[in-house]
Each structure stands twice: as structure tokens, then as C-alpha cells.
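Containing mmCIF, C-alpha atoms and all ligand atoms: query36.cif.
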```cif
data_work
loop_
_atom_site.group_PDB
_atom_site.id
_atom_site.type_symbol
_atom_site.label_atom_id
_atom_site.label_comp_id
_atom_site.auth_asym_id
_atom_site.auth_seq_id
_atom_site.Cartn_x
_atom_site.Cartn_y
_atom_site.Cartn_z
ATOM 1 C CA MET A 1 -12.193 0.194 -8.682
ATOM 2 C CA ALA A 2 -12.980 0.515 -4.951
ATOM 3 C CA ARG A 3 -15.591 -2.208 -5.357
ATOM 4 C CA LEU A 4 -13.037 -4.541 -6.956
ATOM 5 C CA VAL A 5 -10.604 -3.912 -4.107
ATOM 6 C CA GLU A 6 -13.314 -4.614 -1.554
ATOM 7 C CA ILE A 7 -14.334 -7.867 -3.262
ATOM 8 C CA ALA A 8 -10.736 -9.070 -3.554
ATOM 9 C CA SER A 9 -10.100 -8.268 0.110
ATOM 10 C CA ARG A 10 -13.011 -10.359 1.378
ATOM 11 C CA SER A 11 -11.350 -13.718 1.075
ATOM 12 C CA ARG A 12 -7.704 -12.737 1.438
ATOM 13 C CA VAL A 13 -5.630 -10.904 3.992
ATOM 14 C CA ALA A 14 -5.294 -7.208 3.136
ATOM 15 C CA VAL A 15 -2.455 -4.837 3.981
ATOM 16 C CA GLU A 16 -2.958 -1.720 6.094
ATOM 17 C CA ASP A 17 -3.647 1.567 4.307
ATOM 18 C CA GLU A 18 -0.096 2.831 4.859
ATOM 19 C CA GLU A 19 1.449 -0.169 3.100
ATOM 20 C CA TYR A 20 -1.198 0.000 0.369
ATOM 21 C CA GLU A 21 -0.364 3.641 -0.360
ATOM 22 C CA ARG A 22 3.369 2.901 -0.285
ATOM 23 C CA ARG A 23 2.965 0.150 -2.883
ATOM 24 C CA LEU A 24 0.754 2.294 -5.119
ATOM 25 C CA ALA A 25 3.229 5.175 -4.950
ATOM 26 C CA ILE A 26 5.950 2.841 -6.208
ATOM 27 C CA CYS A 27 3.698 1.568 -8.991
ATOM 28 C CA SER A 28 2.809 5.098 -10.042
ATOM 29 C CA GLY A 29 6.493 5.787 -10.684
ATOM 30 C CA CYS A 30 7.149 2.483 -12.406
ATOM 31 C CA PRO A 31 7.770 2.595 -16.186
ATOM 32 C CA ASP A 32 5.858 -0.663 -16.533
ATOM 33 C CA LEU A 33 2.560 0.696 -15.229
ATOM 34 C CA GLN A 34 0.175 1.014 -18.172
ATOM 35 C CA TYR A 35 -2.864 3.297 -18.363
ATOM 36 C CA GLY A 36 -2.329 4.182 -14.710
ATOM 37 C CA THR A 37 -3.902 0.907 -13.674
ATOM 38 C CA THR A 38 -2.286 -2.162 -15.177
ATOM 39 C CA CYS A 39 1.045 -3.843 -14.515
ATOM 40 C CA ARG A 40 2.727 -4.842 -17.758
ATOM 41 C CA HIS A 41 4.298 -7.921 -16.168
ATOM 42 C CA CYS A 42 1.244 -9.609 -14.687
ATOM 43 C CA GLY A 43 -1.608 -7.819 -16.454
ATOM 44 C CA CYS A 44 -3.340 -7.199 -13.168
ATOM 45 C CA LEU A 45 -4.850 -4.031 -11.741
ATOM 46 C CA VAL A 46 -2.268 -2.714 -9.309
ATOM 47 C CA GLN A 47 -4.963 -1.024 -7.197
ATOM 48 C CA VAL A 48 -6.242 -4.527 -6.421
ATOM 49 C CA ARG A 49 -2.956 -6.415 -6.336
ATOM 50 C CA ALA A 50 -1.334 -3.928 -3.944
ATOM 51 C CA LYS A 51 -4.089 -4.436 -1.378
ATOM 52 C CA LEU A 52 -3.450 -8.148 -0.922
ATOM 53 C CA ALA A 53 -0.886 -9.050 1.695
ATOM 54 C CA ASP A 54 0.492 -12.052 -0.133
ATOM 55 C CA SER A 55 0.896 -10.227 -3.440
ATOM 56 C CA THR A 56 4.311 -9.374 -4.739
ATOM 57 C CA CYS A 57 5.583 -7.033 -7.393
ATOM 58 C CA PRO A 58 6.397 -9.142 -10.482
ATOM 59 C CA TYR A 59 9.094 -6.798 -11.769
ATOM 60 C CA PRO A 60 11.747 -9.043 -13.347
ATOM 61 C CA TYR A 61 14.548 -10.098 -11.019
ATOM 62 C CA ALA A 62 13.741 -7.580 -8.283
ATOM 63 C CA SER A 63 10.457 -6.651 -6.660
ATOM 64 C CA GLN A 64 9.965 -2.897 -6.645
ATOM 65 C CA TRP A 65 7.819 -3.098 -3.509
ATOM 66 C CA LEU A 66 10.675 -4.189 -1.213
HETATM 67 S S1 LIG B 1 6.262 -4.046 -11.984
HETATM 68 FE FE1 LIG B 1 5.804 -3.793 -9.783
HETATM 69 S S2 LIG B 1 6.028 -1.584 -9.402
HETATM 70 FE FE2 LIG B 1 5.796 -1.882 -11.627
HETATM 71 S S3 LIG B 1 3.609 -1.673 -12.038
HETATM 72 FE FE3 LIG B 1 4.036 -3.857 -11.758
HETATM 73 S S4 LIG B 1 3.600 -4.234 -9.580
HETATM 74 FE FE4 LIG B 1 3.845 -1.994 -9.824
#
```
Spell out the structure here as C-alpha cells.
Ligand code: SF4
Amino acid sequence: MARLVEIASRSRVAVEDEEYERRLAICSGCPDLQYGTTCRHCGCLVQVRAKLADSTCPYPYASQWL
């Protein structure tokens, strides 16, 4: 997983560790996180998505990351 995060961060702006951990903490408490890794709404690995600065939480009608 760390390798995937590193690869994804090469070509896109990444958030600082504090914001990354904040986003992941929200995901870990979200009922739509599947298998501890995958967002039900976008099908992406949240450990990767949360690292990218321009990513948003796709929760319907209201981002959970705000
Ligand atoms: S809906 Fe948002 S908070 Fe929930 S798992 Fe997906 S990205 Fe994380």
C-alpha cells in the first residue's frame, strides 16, 4: 500500500501527514468503508485517495472530509 501511495504522489500534489491522517481517521469511522481499504462510493483505495490534495470524499451530498 505504501508503494501505491508513493507512486500516486509522484505526479500529483500530496497533502501533509497531518491532513492525511485526519482524512484516514474519518474514513475509518465511515460506514461506507469496505474491507478497511475501499470506499464504496468511488471504489478507490482510501489510503491512496486521501494522500492527494485535489481528492475529495465522494460521500453523497456532503463530503465527510470537510
Ligand atoms: S465516503 Fe468519504 S469518508 Fe467514507 S470511505 Fe469514502 S472517502 Fe472515506
Give me the residues of chain A that have any atom at most 12 Å from an atom of ligand LIG 1 (chain B); for each, the nearest atom pair and the distance in Å, rounded to one decimal. Use only C-alpha atoms and all ligand atoms, sort by chain and number, and format it as JSON lines.
```
{"residue": "A:Tyr20", "atom": "CA", "partner": "B:LIG1", "partner_atom": "FE4", "distance": 11.5}
{"residue": "A:Glu21", "atom": "CA", "partner": "B:LIG1", "partner_atom": "FE4", "distance": 11.8}
{"residue": "A:Arg22", "atom": "CA", "partner": "B:LIG1", "partner_atom": "S2", "distance": 10.5}
{"residue": "A:Arg23", "atom": "CA", "partner": "B:LIG1", "partner_atom": "FE4", "distance": 7.3}
{"residue": "A:Leu24", "atom": "CA", "partner": "B:LIG1", "partner_atom": "FE4", "distance": 7.1}
{"residue": "A:Ala25", "atom": "CA", "partner": "B:LIG1", "partner_atom": "S2", "distance": 8.6}
{"residue": "A:Ile26", "atom": "CA", "partner": "B:LIG1", "partner_atom": "S2", "distance": 5.5}
{"residue": "A:Cys27", "atom": "CA", "partner": "B:LIG1", "partner_atom": "FE4", "distance": 3.7}
{"residue": "A:Ser28", "atom": "CA", "partner": "B:LIG1", "partner_atom": "S3", "distance": 7.1}
{"residue": "A:Gly29", "atom": "CA", "partner": "B:LIG1", "partner_atom": "S2", "distance": 7.5}
{"residue": "A:Cys30", "atom": "CA", "partner": "B:LIG1", "partner_atom": "FE2", "distance": 4.6}
{"residue": "A:Pro31", "atom": "CA", "partner": "B:LIG1", "partner_atom": "FE2", "distance": 6.7}
{"residue": "A:Asp32", "atom": "CA", "partner": "B:LIG1", "partner_atom": "FE2", "distance": 5.1}
{"residue": "A:Leu33", "atom": "CA", "partner": "B:LIG1", "partner_atom": "S3", "distance": 4.1}
{"residue": "A:Gln34", "atom": "CA", "partner": "B:LIG1", "partner_atom": "S3", "distance": 7.5}
{"residue": "A:Tyr35", "atom": "CA", "partner": "B:LIG1", "partner_atom": "S3", "distance": 10.3}
{"residue": "A:Gly36", "atom": "CA", "partner": "B:LIG1", "partner_atom": "S3", "distance": 8.8}
{"residue": "A:Thr37", "atom": "CA", "partner": "B:LIG1", "partner_atom": "S3", "distance": 8.1}
{"residue": "A:Thr38", "atom": "CA", "partner": "B:LIG1", "partner_atom": "S3", "distance": 6.7}
{"residue": "A:Cys39", "atom": "CA", "partner": "B:LIG1", "partner_atom": "FE3", "distance": 4.1}
{"residue": "A:Arg40", "atom": "CA", "partner": "B:LIG1", "partner_atom": "FE3", "distance": 6.2}
{"residue": "A:His41", "atom": "CA", "partner": "B:LIG1", "partner_atom": "FE3", "distance": 6.0}
{"residue": "A:Cys42", "atom": "CA", "partner": "B:LIG1", "partner_atom": "FE3", "distance": 7.0}
{"residue": "A:Gly43", "atom": "CA", "partner": "B:LIG1", "partner_atom": "FE3", "distance": 8.3}
{"residue": "A:Cys44", "atom": "CA", "partner": "B:LIG1", "partner_atom": "FE3", "distance": 8.2}
{"residue": "A:Leu45", "atom": "CA", "partner": "B:LIG1", "partner_atom": "S4", "distance": 8.7}
{"residue": "A:Val46", "atom": "CA", "partner": "B:LIG1", "partner_atom": "S4", "distance": 6.1}
{"residue": "A:Gln47", "atom": "CA", "partner": "B:LIG1", "partner_atom": "FE4", "distance": 9.2}
{"residue": "A:Val48", "atom": "CA", "partner": "B:LIG1", "partner_atom": "S4", "distance": 10.3}
{"residue": "A:Arg49", "atom": "CA", "partner": "B:LIG1", "partner_atom": "S4", "distance": 7.6}
{"residue": "A:Ala50", "atom": "CA", "partner": "B:LIG1", "partner_atom": "S4", "distance": 7.5}
{"residue": "A:Lys51", "atom": "CA", "partner": "B:LIG1", "partner_atom": "S4", "distance": 11.2}
{"residue": "A:Leu52", "atom": "CA", "partner": "B:LIG1", "partner_atom": "S4", "distance": 11.8}
{"residue": "A:Ser55", "atom": "CA", "partner": "B:LIG1", "partner_atom": "S4", "distance": 9.0}
{"residue": "A:Thr56", "atom": "CA", "partner": "B:LIG1", "partner_atom": "S4", "distance": 7.1}
{"residue": "A:Cys57", "atom": "CA", "partner": "B:LIG1", "partner_atom": "FE1", "distance": 4.0}
{"residue": "A:Pro58", "atom": "CA", "partner": "B:LIG1", "partner_atom": "S1", "distance": 5.3}
{"residue": "A:Tyr59", "atom": "CA", "partner": "B:LIG1", "partner_atom": "S1", "distance": 4.0}
{"residue": "A:Pro60", "atom": "CA", "partner": "B:LIG1", "partner_atom": "S1", "distance": 7.5}
{"residue": "A:Tyr61", "atom": "CA", "partner": "B:LIG1", "partner_atom": "S1", "distance": 10.3}
{"residue": "A:Ala62", "atom": "CA", "partner": "B:LIG1", "partner_atom": "FE1", "distance": 8.9}
{"residue": "A:Ser63", "atom": "CA", "partner": "B:LIG1", "partner_atom": "FE1", "distance": 6.3}
{"residue": "A:Gln64", "atom": "CA", "partner": "B:LIG1", "partner_atom": "S2", "distance": 5.0}
{"residue": "A:Trp65", "atom": "CA", "partner": "B:LIG1", "partner_atom": "S2", "distance": 6.3}
{"residue": "A:Leu66", "atom": "CA", "partner": "B:LIG1", "partner_atom": "S2", "distance": 9.8}
```
_I need every residue sitting at most 6 Å from the point (-4.4, -8.9, 0.8) (coordinates as in the file, all atoms listed in the file considered), written as a PyMOL selection string._
chain A and resi 9+12-15+51-54
For region 49-62 of chain A, take all atoms listed in the file, fit an axis-aligned box around them, add 5 Å to each of the six sides, then output centre and edge lengths in Å rounded to one decimal, as JSON.
```
{"center_x": 5.2, "center_y": -8.0, "center_z": -5.8, "size_x": 28.6, "size_y": 18.1, "size_z": 25.0}
```
